[in-house]
$ cat target00.pdb   # PDB, C-alpha atoms and all ligand atoms
MODEL        1
ATOM      1  CA  MET A 217     113.821 123.699  92.023
ATOM      2  CA  LYS A 218     112.912 120.267  90.845
ATOM      3  CA  LEU A 219     110.609 117.906  92.716
ATOM      4  CA  SER A 220     110.761 114.123  92.384
ATOM      5  CA  ILE A 221     108.086 112.048  94.054
ATOM      6  CA  HIS A 222     109.301 108.750  95.458
ATOM      7  CA  GLY A 223     106.300 107.886  97.621
ATOM      8  CA  SER A 224     102.728 109.118  97.525
ATOM      9  CA  ARG A 225     100.848 106.324  99.303
ATOM     10  CA  GLY A 226      99.477 106.855 102.796
ATOM     11  CA  SER A 227      99.819 104.743 105.938
ATOM     12  CA  ILE A 228     101.165 101.494 104.541
ATOM     13  CA  ALA A 229     102.979 100.521 101.387
ATOM     14  CA  THR A 230     100.869  98.664  98.835
ATOM     15  CA  SER A 231     101.860  96.231  96.161
ATOM     16  CA  SER A 232      99.223  95.064  93.755
ATOM     17  CA  ARG A 233      98.301  95.193  90.112
ATOM     18  CA  SER A 234      95.595  97.726  90.900
ATOM     19  CA  THR A 235      97.987 100.323  92.388
ATOM     20  CA  GLN A 236     100.801 100.228  89.857
ATOM     21  CA  LYS A 237     100.037 103.513  88.135
ATOM     22  CA  TYR A 238     100.062 105.792  91.204
ATOM     23  CA  GLY A 239     102.431 103.535  93.083
ATOM     24  CA  GLY A 240     102.563 101.986  96.506
ATOM     25  CA  TYR A 241     105.556 103.597  98.196
ATOM     26  CA  THR A 242     104.856 105.725 101.260
ATOM     27  CA  SER A 243     105.729 109.411 101.677
ATOM     28  CA  CYS A 244     109.000 110.656 100.231
ATOM     29  CA  PHE A 245     109.454 113.900  98.262
ATOM     30  CA  GLU A 246     112.845 115.033  96.966
ATOM     31  CA  VAL A 247     113.544 118.639  96.074
ATOM     32  CA  ILE A 248     116.720 119.600  94.238
ATOM     33  CA  THR A 249     117.903 123.184  94.557
ATOM     34  CA  ASP A 250     121.072 124.708  93.080
ATOM     35  CA  ASN A 251     123.299 123.276  95.810
ATOM     36  CA  HIS A 252     121.107 121.060  97.992
ATOM     37  CA  GLN A 253     119.142 117.853  97.902
ATOM     38  CA  ILE A 254     116.309 118.247 100.386
ATOM     39  CA  ILE A 255     114.165 115.204 101.067
ATOM     40  CA  PHE A 256     110.859 115.461 102.853
ATOM     41  CA  ASP A 257     110.118 112.269 104.789
ATOM     42  CA  ALA A 258     111.627 108.826 104.445
ATOM     43  CA  GLY A 259     108.670 106.549 103.855
ATOM     44  CA  SER A 260     109.306 103.379 101.890
ATOM     45  CA  GLY A 261     109.873 105.529  98.762
ATOM     46  CA  PHE A 262     113.161 106.707 100.293
ATOM     47  CA  LYS A 263     114.597 103.414  99.139
ATOM     48  CA  ASN A 264     114.719 104.793  95.571
ATOM     49  CA  VAL A 265     116.373 108.148  96.296
ATOM     50  CA  LYS A 266     119.734 108.547  94.573
ATOM     51  CA  PHE A 267     122.140 110.471  96.765
ATOM     52  CA  SER A 268     123.392 113.587  95.013
ATOM     53  CA  LYS A 269     127.105 113.564  94.334
ATOM     54  CA  SER A 270     127.370 117.323  93.983
ATOM     55  CA  ARG A 271     124.882 118.616  96.545
ATOM     56  CA  ALA A 272     124.552 118.440 100.338
ATOM     57  CA  SER A 273     121.726 116.065 101.311
ATOM     58  CA  PHE A 274     119.158 116.816 103.990
ATOM     59  CA  LEU A 275     116.246 114.763 105.269
ATOM     60  CA  LEU A 276     113.442 116.699 106.948
ATOM     61  CA  LEU A 277     110.926 114.616 108.822
ATOM     62  CA  SER A 278     107.345 115.763 109.278
ATOM     63  CA  HIS A 279     106.802 113.275 112.125
ATOM     64  CA  PHE A 280     107.710 109.736 113.156
ATOM     65  CA  HIS A 281     104.780 107.601 112.055
ATOM     66  CA  HIS A 282     106.010 104.421 110.374
ATOM     67  CA  ASP A 283     104.966 105.459 106.891
ATOM     68  CA  HIS A 284     107.253 108.534 107.059
ATOM     69  CA  ILE A 285     110.472 106.934 108.322
ATOM     70  CA  GLN A 286     110.281 103.273 107.323
ATOM     71  CA  GLY A 287     112.417 103.527 104.171
ATOM     72  CA  LEU A 288     115.461 105.114 105.801
ATOM     73  CA  PRO A 289     117.819 102.101 106.112
ATOM     74  CA  PHE A 290     116.473 100.387 102.991
ATOM     75  CA  ASN A 291     118.256 102.755 100.656
ATOM     76  CA  PRO A 292     121.430 100.825  99.791
ATOM     77  CA  GLU A 293     123.333 104.085  99.169
ATOM     78  CA  LEU A 294     123.002 104.974 102.844
ATOM     79  CA  PHE A 295     125.584 102.277 103.559
ATOM     80  CA  ASP A 296     128.247 104.081 101.524
ATOM     81  CA  PRO A 297     130.054 106.271 104.088
ATOM     82  CA  LYS A 298     130.672 108.873 101.363
ATOM     83  CA  ASN A 299     126.934 109.578 101.195
ATOM     84  CA  GLU A 300     126.528 112.009 104.070
ATOM     85  CA  ILE A 301     123.046 113.033 105.097
ATOM     86  CA  ILE A 302     121.792 115.490 107.679
ATOM     87  CA  ILE A 303     118.550 114.518 109.385
ATOM     88  CA  SER A 304     116.368 117.096 111.054
ATOM     89  CA  SER A 305     112.810 117.932 112.020
ATOM     90  CA  ASP A 306     111.086 120.886 113.600
ATOM     91  CA  LEU A 307     108.617 118.605 115.376
ATOM     92  CA  CYS A 308     110.757 118.285 118.499
ATOM     93  CA  ASP A 309     114.192 118.662 120.014
ATOM     94  CA  ILE A 310     116.937 117.079 117.875
ATOM     95  CA  GLU A 311     117.920 114.695 120.680
ATOM     96  CA  LEU A 312     114.400 113.295 120.583
ATOM     97  CA  VAL A 313     114.546 113.014 116.777
ATOM     98  CA  LYS A 314     117.704 110.956 117.160
ATOM     99  CA  GLN A 315     116.256 108.880 119.977
ATOM    100  CA  ASN A 316     113.106 108.084 117.978
ATOM    101  CA  ILE A 317     115.067 107.019 114.898
ATOM    102  CA  ARG A 318     117.391 104.941 117.046
ATOM    103  CA  LYS A 319     114.476 103.263 118.809
ATOM    104  CA  TYR A 320     112.781 102.313 115.558
ATOM    105  CA  PHE A 321     115.944 101.125 113.828
ATOM    106  CA  SER A 322     117.570  99.010 116.489
ATOM    107  CA  PRO A 323     116.826  95.564 117.958
ATOM    108  CA  PRO A 324     114.276  94.101 118.367
ATOM    109  CA  TYR A 325     112.607  96.153 115.592
ATOM    110  CA  PHE A 326     115.629  96.240 113.261
ATOM    111  CA  PRO A 327     118.742  94.037 113.090
ATOM    112  CA  PHE A 328     121.157  96.723 114.339
ATOM    113  CA  ASP A 329     121.304 100.291 115.656
ATOM    114  CA  ILE A 330     121.708 102.458 112.550
ATOM    115  CA  VAL A 331     122.372 105.660 114.510
ATOM    116  CA  SER A 332     125.550 104.399 116.123
ATOM    117  CA  SER A 333     126.587 102.237 113.143
ATOM    118  CA  LEU A 334     126.338 104.743 110.295
ATOM    119  CA  SER A 335     128.745 107.652 110.749
ATOM    120  CA  ASN A 336     127.493 109.386 107.604
ATOM    121  CA  ILE A 337     124.188 110.237 109.320
ATOM    122  CA  GLU A 338     124.241 113.487 111.236
ATOM    123  CA  PHE A 339     121.393 114.905 113.317
ATOM    124  CA  LEU A 340     121.185 118.665 113.277
ATOM    125  CA  PRO A 341     118.700 121.017 114.978
ATOM    126  CA  PHE A 342     116.251 122.632 112.562
ATOM    127  CA  ASP A 343     117.648 126.145 113.113
ATOM    128  CA  ALA A 344     121.147 124.918 112.334
ATOM    129  CA  VAL A 345     119.874 123.403 109.070
ATOM    130  CA  ARG A 346     118.287 126.725 108.137
ATOM    131  CA  GLU A 347     121.617 128.443 108.680
ATOM    132  CA  LYS A 348     123.505 125.857 106.677
ATOM    133  CA  LEU A 349     121.382 126.371 103.567
ATOM    134  CA  ASP A 350     122.379 128.806 100.818
ATOM    135  CA  LYS A 351     121.590 132.445 101.500
ATOM    136  CA  ASP A 352     118.999 132.576  98.716
ATOM    137  CA  ILE A 353     116.997 129.759 100.324
ATOM    138  CA  SER A 354     114.476 130.183 103.087
ATOM    139  CA  LEU A 355     113.064 127.279 105.044
ATOM    140  CA  ASN A 356     110.184 127.628 107.482
ATOM    141  CA  SER A 357     107.906 125.273 109.312
ATOM    142  CA  MET A 358     104.439 125.138 110.757
ATOM    143  CA  ARG A 359     102.819 122.842 113.293
ATOM    144  CA  LEU A 360     100.065 120.697 111.740
ATOM    145  CA  LYS A 361      97.094 118.844 113.236
ATOM    146  CA  HIS A 362      97.864 115.179 113.550
ATOM    147  CA  PRO A 363      97.870 112.621 116.382
ATOM    148  CA  GLY A 364     101.276 113.112 118.034
ATOM    149  CA  GLY A 365     101.871 116.213 115.895
ATOM    150  CA  SER A 366     103.306 116.772 112.452
ATOM    151  CA  THR A 367     105.292 119.569 110.825
ATOM    152  CA  GLY A 368     104.643 121.359 107.568
ATOM    153  CA  TYR A 369     107.559 122.901 105.680
ATOM    154  CA  LYS A 370     107.953 125.818 103.290
ATOM    155  CA  LEU A 371     111.009 125.973 101.073
ATOM    156  CA  ILE A 372     111.683 129.032  98.930
ATOM    157  CA  GLU A 373     114.580 129.311  96.516
ATOM    158  CA  LYS A 374     114.848 132.581  94.616
ATOM    159  CA  ASN A 375     111.253 133.067  93.456
ATOM    160  CA  SER A 376     110.009 129.476  93.668
ATOM    161  CA  SER A 377     108.113 128.159  96.652
ATOM    162  CA  PHE A 378     107.346 124.607  97.699
ATOM    163  CA  ILE A 379     105.007 123.745 100.583
ATOM    164  CA  TYR A 380     104.791 120.316 102.178
ATOM    165  CA  LEU A 381     101.741 119.730 104.376
ATOM    166  CA  CYS A 382     101.717 116.066 105.304
ATOM    167  CA  ASP A 383     100.163 114.685 107.520
ATOM    168  CA  ASN A 384      97.428 117.128 108.482
ATOM    169  CA  GLU A 385      93.789 116.965 109.557
ATOM    170  CA  PHE A 386      92.480 120.279 108.310
ATOM    171  CA  GLU A 387      90.410 122.197 110.839
ATOM    172  CA  GLU A 388      88.773 125.600 110.555
ATOM    173  CA  ASP A 389      90.935 127.134 113.276
ATOM    174  CA  GLN A 390      94.046 126.629 111.166
ATOM    175  CA  ARG A 391      92.581 128.090 107.977
ATOM    176  CA  LYS A 392      94.014 131.583 108.501
ATOM    177  CA  SER A 393      97.518 130.582 109.541
ATOM    178  CA  LEU A 394      97.747 127.797 106.985
ATOM    179  CA  THR A 395      96.536 130.121 104.222
ATOM    180  CA  ASN A 396      99.141 132.726 105.174
ATOM    181  CA  PHE A 397     101.823 130.041 105.261
ATOM    182  CA  SER A 398     100.883 128.690 101.828
ATOM    183  CA  LYS A 399      99.779 131.847 100.026
ATOM    184  CA  LYS A 400     100.520 131.858  96.287
ATOM    185  CA  ALA A 401     103.004 129.007  96.529
ATOM    186  CA  ASP A 402     104.176 127.551  93.250
ATOM    187  CA  LEU A 403     103.582 124.033  94.497
ATOM    188  CA  LEU A 404     101.594 122.772  97.471
ATOM    189  CA  ILE A 405     101.591 119.167  98.661
ATOM    190  CA  TRP A 406      98.304 118.368 100.430
ATOM    191  CA  ASP A 407      97.356 115.328 102.491
ATOM    192  CA  GLY A 408      94.174 114.254 100.710
ATOM    193  CA  MET A 409      93.904 110.738 102.018
ATOM    194  CA  PHE A 410      90.119 110.833 102.183
ATOM    195  CA  THR A 411      87.184 112.034 100.165
ATOM    196  CA  GLN A 412      84.769 114.364 101.941
ATOM    197  CA  GLU A 413      82.304 111.498 102.268
ATOM    198  CA  GLU A 414      84.885 109.216 103.914
ATOM    199  CA  LEU A 415      86.061 111.970 106.233
ATOM    200  CA  ALA A 416      82.735 111.949 108.079
ATOM    201  CA  ASP A 417      83.662 108.873 110.094
ATOM    202  CA  LYS A 418      87.428 109.440 110.125
ATOM    203  CA  LYS A 419      87.494 112.323 112.583
ATOM    204  CA  GLY A 420      90.670 112.298 114.629
ATOM    205  CA  TRP A 421      92.540 110.039 112.193
ATOM    206  CA  GLY A 422      94.787 112.964 111.286
ATOM    207  CA  HIS A 423      94.107 113.408 107.574
ATOM    208  CA  SER A 424      92.228 115.762 105.267
ATOM    209  CA  SER A 425      90.097 115.390 102.182
ATOM    210  CA  ILE A 426      90.649 116.210  98.535
ATOM    211  CA  GLU A 427      87.618 118.521  98.578
ATOM    212  CA  GLN A 428      89.155 120.480 101.474
ATOM    213  CA  ALA A 429      92.200 121.183  99.300
ATOM    214  CA  ILE A 430      89.966 122.666  96.609
ATOM    215  CA  ASP A 431      88.164 124.840  99.139
ATOM    216  CA  PHE A 432      91.423 125.845 100.854
ATOM    217  CA  ASN A 433      92.986 127.003  97.607
ATOM    218  CA  LYS A 434      90.224 129.534  96.939
ATOM    219  CA  ALA A 435      92.060 131.825  99.379
ATOM    220  CA  ALA A 436      95.561 130.325  99.294
ATOM    221  CA  ASN A 437      95.804 130.674  95.502
ATOM    222  CA  CYS A 438      98.635 128.210  95.063
ATOM    223  CA  LYS A 439      99.649 127.721  91.449
ATOM    224  CA  LYS A 440      99.756 123.944  91.558
ATOM    225  CA  ILE A 441      98.412 121.504  94.135
ATOM    226  CA  LEU A 442      99.455 117.878  94.413
ATOM    227  CA  ILE A 443      97.188 115.610  96.438
ATOM    228  CA  THR A 444      99.096 112.883  98.216
ATOM    229  CA  HIS A 445      98.933 110.237 100.994
ATOM    230  CA  HIS A 446      96.470 108.203  98.926
ATOM    231  CA  ALA A 447      94.505 105.716 101.012
ATOM    232  CA  PRO A 448      96.229 102.309 100.773
ATOM    233  CA  ASN A 449      93.138 100.593  99.384
ATOM    234  CA  ARG A 450      92.510 103.253  96.694
ATOM    235  CA  SER A 451      92.959 101.636  93.298
ATOM    236  CA  ASP A 452      94.356 103.273  90.168
ATOM    237  CA  LYS A 453      90.876 103.085  88.701
ATOM    238  CA  GLU A 454      89.402 105.000  91.627
ATOM    239  CA  LEU A 455      92.223 107.540  91.587
ATOM    240  CA  ASP A 456      91.780 108.053  87.827
ATOM    241  CA  GLN A 457      88.098 108.702  88.448
ATOM    242  CA  ILE A 458      88.942 111.261  91.147
ATOM    243  CA  ALA A 459      91.580 112.884  88.901
ATOM    244  CA  LYS A 460      89.036 113.325  86.114
ATOM    245  CA  ASN A 461      86.864 115.515  88.318
ATOM    246  CA  LEU A 462      89.629 117.673  89.785
ATOM    247  CA  PRO A 463      89.741 121.352  88.862
ATOM    248  CA  GLU A 464      92.634 122.749  86.859
ATOM    249  CA  LEU A 465      95.804 123.238  88.984
ATOM    250  CA  PHE A 466      95.100 120.042  90.927
ATOM    251  CA  THR A 467      96.967 116.805  90.271
ATOM    252  CA  LEU A 468      97.185 113.499  92.074
ATOM    253  CA  ALA A 469     100.715 112.716  93.194
ATOM    254  CA  ARG A 470     102.188 109.492  91.884
ATOM    255  CA  ASP A 471     105.452 107.702  92.446
ATOM    256  CA  GLY A 472     108.026 108.628  89.822
ATOM    257  CA  LEU A 473     106.470 111.994  88.943
ATOM    258  CA  GLU A 474     108.958 114.825  88.404
ATOM    259  CA  ILE A 475     107.958 118.488  88.358
ATOM    260  CA  GLU A 476     109.858 121.727  87.838
ATOM    261  CA  VAL A 477     108.819 124.133  90.598
TER
HETATM  262 ZN    ZN A 501     101.269 109.311 107.058
HETATM  263 ZN    ZN A 502     101.046 110.304 110.416
ENDMDL
END
$ encode --input "target00.pdb" --output "structure tokens" --more "lines below"
Ligand SMILES: [Zn+2]
Ligand SMILES: [Zn+2]
Amino acid sequence: MKLSIHGSRGSIATSSRSTQKYGGYTSCFEVITDNHQIIFDAGSGFKNVKFSKSRASFLLLSHFHHDHIQGLPFNPELFDPKNEIIISSDLCDIELVKQNIRKYFSPPYFPFDIVSSLSNIEFLPFDAVREKLDKDISLNSMRLKHPGGSTGYKLIEKNSSFIYLCDNEFEEDQRKSLTNFSKKADLLIWDGMFTQEELADKKGWGHSSIEQAIDFNKAANCKKILITHHAPNRSDKELDQIAKNLPELFTLARDGLEIEV
């Protein structure tokens, strides 16, 4: 599998000289398998995804907060009817997924209703997506802690595993199940929007800390951990400082980064 990061910023897109290195696009992670293009979330980074010509494209949404869906109709390739994409989520019933996308991308919030206008978008229940994938691929999900809910995903192709846990407010009562879900993954994406110090007065905001990822991995033993959902005001300089003190195996996600899983 190959991962391309199109958006690693949290909450709201940023555009300034001080965030150029890590980037300002919001959540969007593209995984290429032998026969599929599987995109996790459509934050503003979705705008830069190139539709695969030879693979079936899927978009899996963790939840519907603006920073995870906002980029959807800003990818110009979506307006080419040949670029078919299946949208799904295990957060809720597929009719509700469709309704939520339609609500957000129709007047008065968006110039037109993209769901009824774009025939190349198909909404498919999560179980149907799992069945559609190649036999050597397994896709599972897990409910995360986040206001309104969020869904984590685990994608395994052959012997490579990719875990996407965004957005999540880590709590002790999920340690066991989350550890089992993530155990020994080749690559784990972790919502590390805050530092431990900041987290103290951000209870209930729905995000975890970078330090929690380090602690979590003592038992989860993932081979590589990417911290993402960087706070919008976090400058490159601050992120570089954080990166310097991270243990081996830990990396800060940045827009444009590509990794073989
Ligand atoms: Zn978010
Ligand atoms: Zn969220």
$ resolve_selection --input "target00.pdb" --expression "the PyMOL selection byres (((not hetatm)) within 7 of (chain A and resi 502))" --output "PyMOL selection string"
chain A and resi 279+281+362+383+422
$ resolve_selection --input "target00.pdb" --expression "the PyMOL selection byres (((not hetatm)) within 12 of (chain A and resi 501))" --output "count of residues only"
49
$ closest_residue --input "target00.pdb" --among "A:Glu388, A:Asp417, A:Asp309, A:Asp350" --to "Gln253 of chain A" --atoms "all atoms listed in the file"
A:Asp350
$ resolve_selection --input "target00.pdb" --expression "the PyMOL selection byres (((chain A and resi 466) around 10) and not hetatm)" --output "PDB file with C-alpha atoms, in the frame of the given file"
ATOM      1  CA  LEU A 404     101.594 122.772  97.471  1.00  0.00           C
ATOM      2  CA  ILE A 426      90.649 116.210  98.535  1.00  0.00           C
ATOM      3  CA  ALA A 429      92.200 121.183  99.300  1.00  0.00           C
ATOM      4  CA  ILE A 430      89.966 122.666  96.609  1.00  0.00           C
ATOM      5  CA  ASN A 433      92.986 127.003  97.607  1.00  0.00           C
ATOM      6  CA  CYS A 438      98.635 128.210  95.063  1.00  0.00           C
ATOM      7  CA  LYS A 439      99.649 127.721  91.449  1.00  0.00           C
ATOM      8  CA  LYS A 440      99.756 123.944  91.558  1.00  0.00           C
ATOM      9  CA  ILE A 441      98.412 121.504  94.135  1.00  0.00           C
ATOM     10  CA  LEU A 442      99.455 117.878  94.413  1.00  0.00           C
ATOM     11  CA  ILE A 443      97.188 115.610  96.438  1.00  0.00           C
ATOM     12  CA  ALA A 459      91.580 112.884  88.901  1.00  0.00           C
ATOM     13  CA  ASN A 461      86.864 115.515  88.318  1.00  0.00           C
ATOM     14  CA  LEU A 462      89.629 117.673  89.785  1.00  0.00           C
ATOM     15  CA  PRO A 463      89.741 121.352  88.862  1.00  0.00           C
ATOM     16  CA  GLU A 464      92.634 122.749  86.859  1.00  0.00           C
ATOM     17  CA  LEU A 465      95.804 123.238  88.984  1.00  0.00           C
ATOM     18  CA  THR A 467      96.967 116.805  90.271  1.00  0.00           C
ATOM     19  CA  LEU A 468      97.185 113.499  92.074  1.00  0.00           C
ATOM     20  CA  ALA A 469     100.715 112.716  93.194  1.00  0.00           C
TER      21      ALA A 469
END
$ atom_distance --input "target00.pdb" --atom1 "atom CA of Leu455 of chain A" --atom2 "atom CA of Ile221 of chain A"
16.7 Å
$ residues_around --input "target00.pdb" --residues "Leu219 of chain A" --least-positions-apart "4" --cutoff "9 Å" --atoms "only C-alpha atoms" --output "list of chain:residue names"
A:Phe245, A:Glu246, A:Val247, A:Ile248, A:Phe378, A:Leu473, A:Glu474, A:Ile475, A:Glu476, A:Val477
$ decode --input "target00.pdb" --residues "segment 305-328 of chain A" --atoms "N, CA, C and O atoms" --output "mmCIF file, in the first residue's frame"
data_model
loop_
_atom_site.group_PDB
_atom_site.id
_atom_site.type_symbol
_atom_site.label_atom_id
_atom_site.label_comp_id
_atom_site.auth_asym_id
_atom_site.auth_seq_id
_atom_site.Cartn_x
_atom_site.Cartn_y
_atom_site.Cartn_z
ATOM 1 N N SER A 305 -19.434 5.519 4.959
ATOM 2 C CA SER A 305 -18.989 5.802 6.321
ATOM 3 C C SER A 305 -19.645 4.772 7.213
ATOM 4 O O SER A 305 -20.765 4.331 6.928
ATOM 5 N N ASP A 306 -18.943 4.377 8.265
ATOM 6 C CA ASP A 306 -19.599 3.464 9.211
ATOM 7 C C ASP A 306 -20.110 4.234 10.428
ATOM 8 O O ASP A 306 -20.438 3.644 11.444
ATOM 9 N N LEU A 307 -20.189 5.550 10.304
ATOM 10 C CA LEU A 307 -20.670 6.354 11.436
ATOM 11 C C LEU A 307 -22.184 6.212 11.591
ATOM 12 O O LEU A 307 -22.702 6.216 12.698
ATOM 13 N N CYS A 308 -22.880 6.098 10.457
ATOM 14 C CA CYS A 308 -24.343 6.047 10.514
ATOM 15 C C CYS A 308 -24.876 5.403 9.244
ATOM 16 O O CYS A 308 -24.107 5.080 8.339
ATOM 17 N N ASP A 309 -26.181 5.260 9.209
ATOM 18 C CA ASP A 309 -26.870 4.701 8.057
ATOM 19 C C ASP A 309 -26.498 5.483 6.784
ATOM 20 O O ASP A 309 -26.325 6.700 6.827
ATOM 21 N N ILE A 310 -26.399 4.784 5.657
ATOM 22 C CA ILE A 310 -25.938 5.433 4.423
ATOM 23 C C ILE A 310 -26.903 6.536 3.946
ATOM 24 O O ILE A 310 -26.477 7.538 3.358
ATOM 25 N N GLU A 311 -28.174 6.388 4.265
ATOM 26 C CA GLU A 311 -29.135 7.434 3.877
ATOM 27 C C GLU A 311 -28.814 8.738 4.608
ATOM 28 O O GLU A 311 -28.965 9.833 4.072
ATOM 29 N N LEU A 312 -28.379 8.599 5.846
ATOM 30 C CA LEU A 312 -28.011 9.784 6.629
ATOM 31 C C LEU A 312 -26.696 10.383 6.122
ATOM 32 O O LEU A 312 -26.526 11.609 6.094
ATOM 33 N N VAL A 313 -25.778 9.523 5.693
ATOM 34 C CA VAL A 313 -24.520 10.013 5.098
ATOM 35 C C VAL A 313 -24.877 10.902 3.902
ATOM 36 O O VAL A 313 -24.415 12.042 3.769
ATOM 37 N N LYS A 314 -25.732 10.378 3.059
ATOM 38 C CA LYS A 314 -26.138 11.081 1.843
ATOM 39 C C LYS A 314 -26.845 12.391 2.179
ATOM 40 O O LYS A 314 -26.561 13.447 1.591
ATOM 41 N N GLN A 315 -27.738 12.294 3.148
ATOM 42 C CA GLN A 315 -28.505 13.482 3.567
ATOM 43 C C GLN A 315 -27.577 14.592 4.106
ATOM 44 O O GLN A 315 -27.752 15.764 3.794
ATOM 45 N N ASN A 316 -26.584 14.168 4.900
ATOM 46 C CA ASN A 316 -25.660 15.148 5.488
ATOM 47 C C ASN A 316 -24.813 15.833 4.418
ATOM 48 O O ASN A 316 -24.591 17.044 4.458
ATOM 49 N N ILE A 317 -24.344 15.037 3.451
ATOM 50 C CA ILE A 317 -23.533 15.610 2.369
ATOM 51 C C ILE A 317 -24.401 16.543 1.528
ATOM 52 O O ILE A 317 -23.999 17.644 1.148
ATOM 53 N N ARG A 318 -25.617 16.106 1.275
ATOM 54 C CA ARG A 318 -26.529 16.934 0.471
ATOM 55 C C ARG A 318 -26.828 18.265 1.176
ATOM 56 O O ARG A 318 -26.826 19.324 0.564
ATOM 57 N N LYS A 319 -27.044 18.172 2.481
ATOM 58 C CA LYS A 319 -27.379 19.375 3.254
ATOM 59 C C LYS A 319 -26.236 20.396 3.184
ATOM 60 O O LYS A 319 -26.436 21.581 2.977
ATOM 61 N N TYR A 320 -25.017 19.888 3.342
ATOM 62 C CA TYR A 320 -23.862 20.773 3.390
ATOM 63 C C TYR A 320 -23.527 21.363 2.019
ATOM 64 O O TYR A 320 -23.081 22.508 1.912
ATOM 65 N N PHE A 321 -23.749 20.543 0.984
ATOM 66 C CA PHE A 321 -23.413 21.006 -0.371
ATOM 67 C C PHE A 321 -24.661 21.241 -1.211
ATOM 68 O O PHE A 321 -24.846 20.631 -2.263
ATOM 69 N N SER A 322 -25.507 22.100 -0.697
ATOM 70 C CA SER A 322 -26.661 22.566 -1.473
ATOM 71 C C SER A 322 -27.005 23.956 -0.925
ATOM 72 O O SER A 322 -26.554 24.340 0.146
ATOM 73 N N PRO A 323 -27.811 24.727 -1.683
ATOM 74 C CA PRO A 323 -28.136 26.080 -1.218
ATOM 75 C C PRO A 323 -28.827 26.040 0.150
ATOM 76 O O PRO A 323 -29.549 25.092 0.407
ATOM 77 N N PRO A 324 -28.603 26.992 1.038
ATOM 78 C CA PRO A 324 -27.817 28.211 0.822
ATOM 79 C C PRO A 324 -26.338 28.083 1.181
ATOM 80 O O PRO A 324 -25.621 29.067 1.151
ATOM 81 N N TYR A 325 -25.861 26.864 1.496
ATOM 82 C CA TYR A 325 -24.453 26.725 1.907
ATOM 83 C C TYR A 325 -23.515 26.539 0.727
ATOM 84 O O TYR A 325 -22.304 26.713 0.845
ATOM 85 N N PHE A 326 -24.067 26.066 -0.400
ATOM 86 C CA PHE A 326 -23.266 25.778 -1.596
ATOM 87 C C PHE A 326 -24.143 26.113 -2.798
ATOM 88 O O PHE A 326 -25.369 25.990 -2.710
ATOM 89 N N PRO A 327 -23.550 26.521 -3.908
ATOM 90 C CA PRO A 327 -24.365 26.997 -5.043
ATOM 91 C C PRO A 327 -25.401 25.999 -5.570
ATOM 92 O O PRO A 327 -26.441 26.407 -6.070
ATOM 93 N N PHE A 328 -25.094 24.696 -5.534
ATOM 94 C CA PHE A 328 -26.070 23.732 -6.058
ATOM 95 C C PHE A 328 -25.969 22.416 -5.279
ATOM 96 O O PHE A 328 -25.012 22.195 -4.537
#
